[in-house]
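Visitor: Below you'll find the structure I mean.
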Amino acid sequence: PWHAIATEDEVVADLGSSVENGLSDSEAQRRLQLFGPNKLTEVEKISFWRRLWNQLNNMIIGLLFAAAIVEGALESWAEFGLILGVIVINTALGLYQEGRAEKAADAIKALLSPNATVLRDGQAAVLPAESLVPGDVVLLKSGDKVPADVRLLSAVNLQVQEAMLTGESVPVSKVLHPAPAQAGLGDRKCMCFSATNVVSGQGRGVVVATGDSAEIGQINKMVGTVESARNNLVHQLEVLGRWLVLLVLAIGLLAFLLALLHADQGFKEAFESAVSIAVAIVPEGLPAMVTIVLAIGTTVMARNNAIIRQLPAVETLGSLNVICSDKTGTLTKNEMTVVALRTAATEYTVSGVGYEPIGEFAMVRGETDLGRRERRWEWGWSGRDGHISAVANGSGTRSQPLDGAQRTALQQLLKGTVLCNDSSLIKEGPGEVAISIGDDGAAADVAGAADKGGKDKGGGGGVRYSPLGAPTEVALLTAAEKAGLPPAAELKAAVPRVGTVPFESEHKFMATVHREQAEGGGSELIMYVKGAPDRLLPLCNSQVRAAAGVVDNDLSRTAALDPGFWKAQQAALSSRGLRVLALCRRLGETAGDLASGKPVGWIWVMGKPPPAPAAKLQLSMVLLVAILDPPREEAVRAVGVAHKAGITVKMITGDHALTAVAIGQMLGIAAAGHGHGHDARRASSKAVPVITGPQVDAMDDAGLQAVVMGCNVFARASPENKLRIVRALQALGQTAAMTGDGVNDAPALKAADVGVAMGITGTDVSKEAAKMVLADDNFATIVAAVREGRRVWDNIRKILIFNLPVNLAQGFSVLWSYILSLDNVPLTALQVLLVNLITSVTLGLALAAEPPEPDIMERQPRRRGKRLVGKLLLWRCFFVCNVVVALVLGMFYWGGEDSSTPGGGYNLKQRRSEAFNVLVGAQIAYFVNCRFIKLSCFHPRVFFGNPIVYISIALVAGIMVFVTYVPGVNGFFHMTGSMDGIQWARVVVCTAIVFVLVEVEKAL
């Protein structure tokens, strides 16, 4: 691979180019014909007509079309119009909710650089990026978008933001030396990749891959070829549709034969009777009700910052048992935070998360040996303020708040982190609303962190803080404000800067010289240096030590440097995945030489060997700073809720393994060598704390499937790794969600059962490949969406459990009248259609709005491919259908008895009125039963939770009275308005019988 070739000259030679002159125009044209333009292959778009066909192409809609055609052939135009209207409404709802077709390839194409600065025939020229070919030498500078994949030939302080490809949260400092052949994308620091952004410095590189051959091109091909996971709800509705077709045909044929042979009806009359029974059984309103349930789910989720792009994905959320999440910005805030300080004398822990300067310092006390080498650091929740903070664990150690003198000492220590700093912490506008996750997984809007406790040093809980500059430097400014130092601008004005050595990737530190007022009058020069500890330790000969009685107060008091101590402390912090910076200082002539431009001891900056010990800068080591992008507080709670709900959370990131494990432990999804909580029970014996991308590359599919459930943290993951991990989980029968925001996430987002993209930081690529977009980029929102998804599945089941038995009862009431040789059918086709489309749908829609049942986030996830038509539904179809049919036929028969029989002597229209109202009353009773699938309705909860229930029952009862008593309307439906008290009493008793019998059946 290009990143592993030893020298830049070898790369250029292999490509037949020149470092100084690039390619000739003629050679570039020849290669353009050979390799093609530097652009991505477009993927075929989904047309409107294809989307329309996708909406209509299912068995239930086909069944409705067939029913409409038959009704039209029989010239039953009212029935024909009603059924066709249902089809139109359902299709329109589906098209409206899904919105637009996927445009992932177009979104990736928009990321590519339109122009590039290229060397052709030794001359720099700005050319369209599409004309680049392998072997072209391109020039890069700050602000450029990299036009193709290039191997660097030279780099001066070159930093490139590659988060969209690798997931790493900070810009990557580029170097020239090669990387191992098996290195992951984020470790190929001698390469720059197409569509990434140059944030500082400049460089020169030779193009090694263009178009589809570049890394972003490989992702584009994967996005175009990856098939979306098949949705279980869509599949189950197709299965239901096939069974309904068979059932309708079988019952229709039976009814036709009975009417023709047993009831002595003519052929046409028998056919019309069979059609009316078939139409009675078909749940015409079911497709619209399912669509409306999903639409209600999308509306609720949108209010909670989860935007659903594909309607059936709402249901899939409820069946998730694995959530694969990106780290940066999703599980974490993508805001670097100082979590600990280490001086020669003291350890400090720091609470608070992100750039908002709210948090407290605590001093770790109880250990007398200040030179102790071993310390175990952990991070977790602070019980008092809900913040994440660092805790140093050792025998007899404890943390205590700082008193006045100790806080003053801390401010003196941190002054250099503000002065030796070129970034800014910007205070602006009202804070954004966060998502709070309760113990049941429900989402609730809460105010910003400033309202949750702590002192708002920014002047109000509505203040929002944002970084300007390097994230690590902004983290230092936030920590300084937490310690009580004035804002950076004030401090820098009081202690002006007179000289600077800027940060360079070659020497990895920054130095500034300041003029500060001396205690005895006049002024003195002081130099602060911050950077990598391993680079600064060789430049130090002393360290700040404790003053008499007050720890670290007098910075002028120094002791001989103890290199072993500092190396041990750096190793301890780094081993926990923390980014460690060192701060040093120096008073006197060296600082003055730097301020005047003299190169004292700075030859190393020019790339030459470090100075000999005698030529050291004689700096004093002040402290080590431990920095981390910690988890969101609500993400930690959400992970806990997910575990309780039986959902495994896995973190798949492009960041380093140690950092990933540290974040995983803070979130509760990773522990050294073991699963955590719920995951520990499901993990295999091969459980490991972290697997890296190169390790995944070395595994075949079977090997990956063997370990994927035993590891919850995957680091340095490439796009191919993420896709393979998702597919391995699906191969093991898991229903997996994948979250992400970068281009690198797009293939896995599309392949996952639910792809979840970030709305704020996410690229258009990830949004178009995903089925759901998080408006607030918050992992906690996913858990709230899972809760809503489970509610949607429950409500669809409730609708089916309600609709299918009463639909069967409508048809079987007519069918049994033929079998029993009754003189007349109890219900006409129009009555059946009225119940089917008006009363059933009205009550069914109320079930669509049912709130989640109390234990919804305490259940284990549904198994993959769980059937909608299960044992409970089949039993209810048999049991409830027979109960309702018996009551309808019984009341119809009773009313037709001789007038000498009590309760008899009614004419046909009166009997049909009673049968109609018995059927509707039974529906109302059974509707109340169905509000809780297994829980009893003999409970006060039946009166609360869903106000639409009362509206629906009142509306259906009003329809009963309207159709029964309004002249003209009752005649149209073959009824009369002369039902008496005896008939209404029988309707009420039948209603109560249905309710009580179903509740008894639940209890058994």
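In the structure tokens, chains take letters A, B, ... by order of appearance, with residues numbered from 1 within each chain and ligands from 1 in the order shown.
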Would you give me, as a PyMOL selection string, the residues in segment 172-234 of chain A that DSSP reads as alpha helix (DSSP H)?
Guide: chain A and resi 215-225+232-234
Visitor: Just the residues within 10 Å of Lys333 of chain A, please, counting only C-alpha atoms, with nothing from its chain fewer than 6 positions along; format it as a ChimeraX atom specification.
Guide: /A:327,353-355,629-633,635,777-778
Visitor: Kindly give the distance, in Å, that separates atom CA of Thr761 of chain A and atom CA of Gly329 of chain A, rounded to a single decimal.
Guide: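 Going from atom CA of Thr761 of chain A over to atom CA of Gly329 of chain A covers 7.7 Å.
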Visitor: For Asn38 of chain A, list every protein, DNA or RNA residue within 7 Å, evaluated using only C-alpha atoms, and leave out those in the same chain fewer than 4 positions away; present the list as a PDB file with C-alpha atoms, in the first residue's frame.
Guide:
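This went into around.pdb:
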```
ATOM      1  CA  ALA A 129     -10.394  18.561  -9.312  1.00  0.00           C
ATOM      2  CA  GLU A 130     -12.019  16.209 -11.820  1.00  0.00           C
ATOM      3  CA  SER A 131      -8.915  16.489 -14.032  1.00  0.00           C
ATOM      4  CA  LEU A 132      -6.544  15.071 -11.389  1.00  0.00           C
ATOM      5  CA  THR A 210      -8.756   9.318  -7.615  1.00  0.00           C
ATOM      6  CA  GLY A 211     -12.515   8.932  -8.038  1.00  0.00           C
TER       7      GLY A 211
END
```
Visitor: Find the residues near Ser142 of chain A: any atom within 7 Å, counting only C-alpha atoms, skip ones fewer than 3 places away on the same chain, and give them as a list in words.
Guide: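 Listing them by chain and then by number gives Val198, Val199, Ser200, Gly201 and Gln202 of chain A.
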Visitor: Export, as a PDB file, in the first residue's frame, the selected residues with N, CA, C and O atoms.
Guide:
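Produced file again.pdb, reproduced below:
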```pdb
ATOM      1  N   VAL A 198      -8.058  20.708   5.301  1.00  0.00           N
ATOM      2  CA  VAL A 198      -6.801  21.173   5.873  1.00  0.00           C
ATOM      3  C   VAL A 198      -7.123  22.327   6.825  1.00  0.00           C
ATOM      4  O   VAL A 198      -7.698  23.338   6.410  1.00  0.00           O
ATOM      5  N   VAL A 199      -6.774  22.174   8.103  1.00  0.00           N
ATOM      6  CA  VAL A 199      -7.114  23.203   9.086  1.00  0.00           C
ATOM      7  C   VAL A 199      -5.934  24.116   9.409  1.00  0.00           C
ATOM      8  O   VAL A 199      -6.127  25.235   9.895  1.00  0.00           O
ATOM      9  N   SER A 200      -4.701  23.659   9.141  1.00  0.00           N
ATOM     10  CA  SER A 200      -3.548  24.533   9.367  1.00  0.00           C
ATOM     11  C   SER A 200      -2.351  24.002   8.599  1.00  0.00           C
ATOM     12  O   SER A 200      -2.304  22.820   8.229  1.00  0.00           O
ATOM     13  N   GLY A 201      -1.392  24.889   8.377  1.00  0.00           N
ATOM     14  CA  GLY A 201      -0.140  24.488   7.738  1.00  0.00           C
ATOM     15  C   GLY A 201      -0.259  24.372   6.233  1.00  0.00           C
ATOM     16  O   GLY A 201      -1.239  24.802   5.620  1.00  0.00           O
ATOM     17  N   GLN A 202       0.778  23.790   5.654  1.00  0.00           N
ATOM     18  CA  GLN A 202       0.802  23.587   4.217  1.00  0.00           C
ATOM     19  C   GLN A 202       1.593  22.329   3.894  1.00  0.00           C
ATOM     20  O   GLN A 202       2.326  21.813   4.737  1.00  0.00           O
TER      21      GLN A 202
END
```
Visitor: Could you pull the residues within 7 Å of Gly359 of chain A, counting only C-alpha atoms, minus those fewer than 2 positions along the same chain, as an MDAnalysis selection string?
Guide: chainID A and resid 350:352 357 454 482
Visitor: Restrict the calculation to only C-alpha atoms, then for each residue of segment 825-920 of chain A with any atom at most 12 Å from an atom of segment 958-971 of chain A give the closest atom pair and their distance in Å to one decimal, rows by chain and rising residue number, as JSON lines.
Guide:
```
{"residue": "A:Thr828", "atom": "CA", "partner": "A:Gly971", "partner_atom": "CA", "distance": 11.9}
{"residue": "A:Leu830", "atom": "CA", "partner": "A:Asn970", "partner_atom": "CA", "distance": 11.1}
{"residue": "A:Gln831", "atom": "CA", "partner": "A:Val963", "partner_atom": "CA", "distance": 9.7}
{"residue": "A:Leu834", "atom": "CA", "partner": "A:Val963", "partner_atom": "CA", "distance": 9.8}
{"residue": "A:Val835", "atom": "CA", "partner": "A:Met960", "partner_atom": "CA", "distance": 9.8}
{"residue": "A:Ile838", "atom": "CA", "partner": "A:Ile959", "partner_atom": "CA", "distance": 8.8}
{"residue": "A:Thr839", "atom": "CA", "partner": "A:Ile959", "partner_atom": "CA", "distance": 7.9}
{"residue": "A:Ser840", "atom": "CA", "partner": "A:Ile959", "partner_atom": "CA", "distance": 11.8}
{"residue": "A:Thr842", "atom": "CA", "partner": "A:Ile959", "partner_atom": "CA", "distance": 10.6}
{"residue": "A:Lys909", "atom": "CA", "partner": "A:Gly971", "partner_atom": "CA", "distance": 8.7}
{"residue": "A:Gln910", "atom": "CA", "partner": "A:Thr964", "partner_atom": "CA", "distance": 9.4}
{"residue": "A:Arg911", "atom": "CA", "partner": "A:Thr964", "partner_atom": "CA", "distance": 11.5}
{"residue": "A:Arg912", "atom": "CA", "partner": "A:Thr964", "partner_atom": "CA", "distance": 10.0}
{"residue": "A:Ser913", "atom": "CA", "partner": "A:Thr964", "partner_atom": "CA", "distance": 6.5}
{"residue": "A:Glu914", "atom": "CA", "partner": "A:Thr964", "partner_atom": "CA", "distance": 9.1}
{"residue": "A:Ala915", "atom": "CA", "partner": "A:Thr964", "partner_atom": "CA", "distance": 11.3}
{"residue": "A:Phe916", "atom": "CA", "partner": "A:Met960", "partner_atom": "CA", "distance": 8.4}
{"residue": "A:Asn917", "atom": "CA", "partner": "A:Met960", "partner_atom": "CA", "distance": 6.5}
{"residue": "A:Val918", "atom": "CA", "partner": "A:Met960", "partner_atom": "CA", "distance": 10.0}
{"residue": "A:Leu919", "atom": "CA", "partner": "A:Met960", "partner_atom": "CA", "distance": 10.3}
{"residue": "A:Val920", "atom": "CA", "partner": "A:Met960", "partner_atom": "CA", "distance": 7.5}
```
Visitor: Considering only C-alpha atoms, return as JSON, numbers by chain whatever protein or nucleic-acid residues lie within 8 Å of Gly297 of chain A, sequence-local ones (same chain, fewer than 6 positions apart) excluded.
Guide: {"A": [314, 788, 789, 792]}
Visitor: If we count only C-alpha atoms and set the cut-off at 10 Å, which residues sit around Glu850 of chain A, ignoring sequence neighbours fewer than 2 positions away in its own chain? Please answer as a PyMOL selection string.
Guide: chain A and resi 293+791-792+794-795+798+845-848+852-853+931-932+945-949
Visitor: Taking the backbone alone, and naming residues the way the document does, which bits of segment 758-926 of chain A are strand (DSSP E) by DSSP, as number ranges by chain?
Guide: A: 758, 772-774
Visitor: With distances taken over only C-alpha atoms, which residue among A:Met510, A:Leu667, A:Ile277, A:Ala992 lies nearest Leu827 of chain A?
Guide: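 Result for the nearest residue to Leu827 of chain A: A:Ile277.
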Visitor: Rank nothing, just name the residue among A:Leu257, A:Val880, A:Val133, A:Leu573 nearest to Glu269 of chain A, using only C-alpha atoms.
Guide: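 Selected residue with least distance to Glu269 of chain A: A:Leu257.
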Visitor: Could you tell me which of A:Gln182, A:Gly484, A:Gly811, A:Ala155 comes closest to Gly203 of chain A if we count only C-alpha atoms?
Guide: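 So, comparing all the options, the nearest one is A:Ala155.
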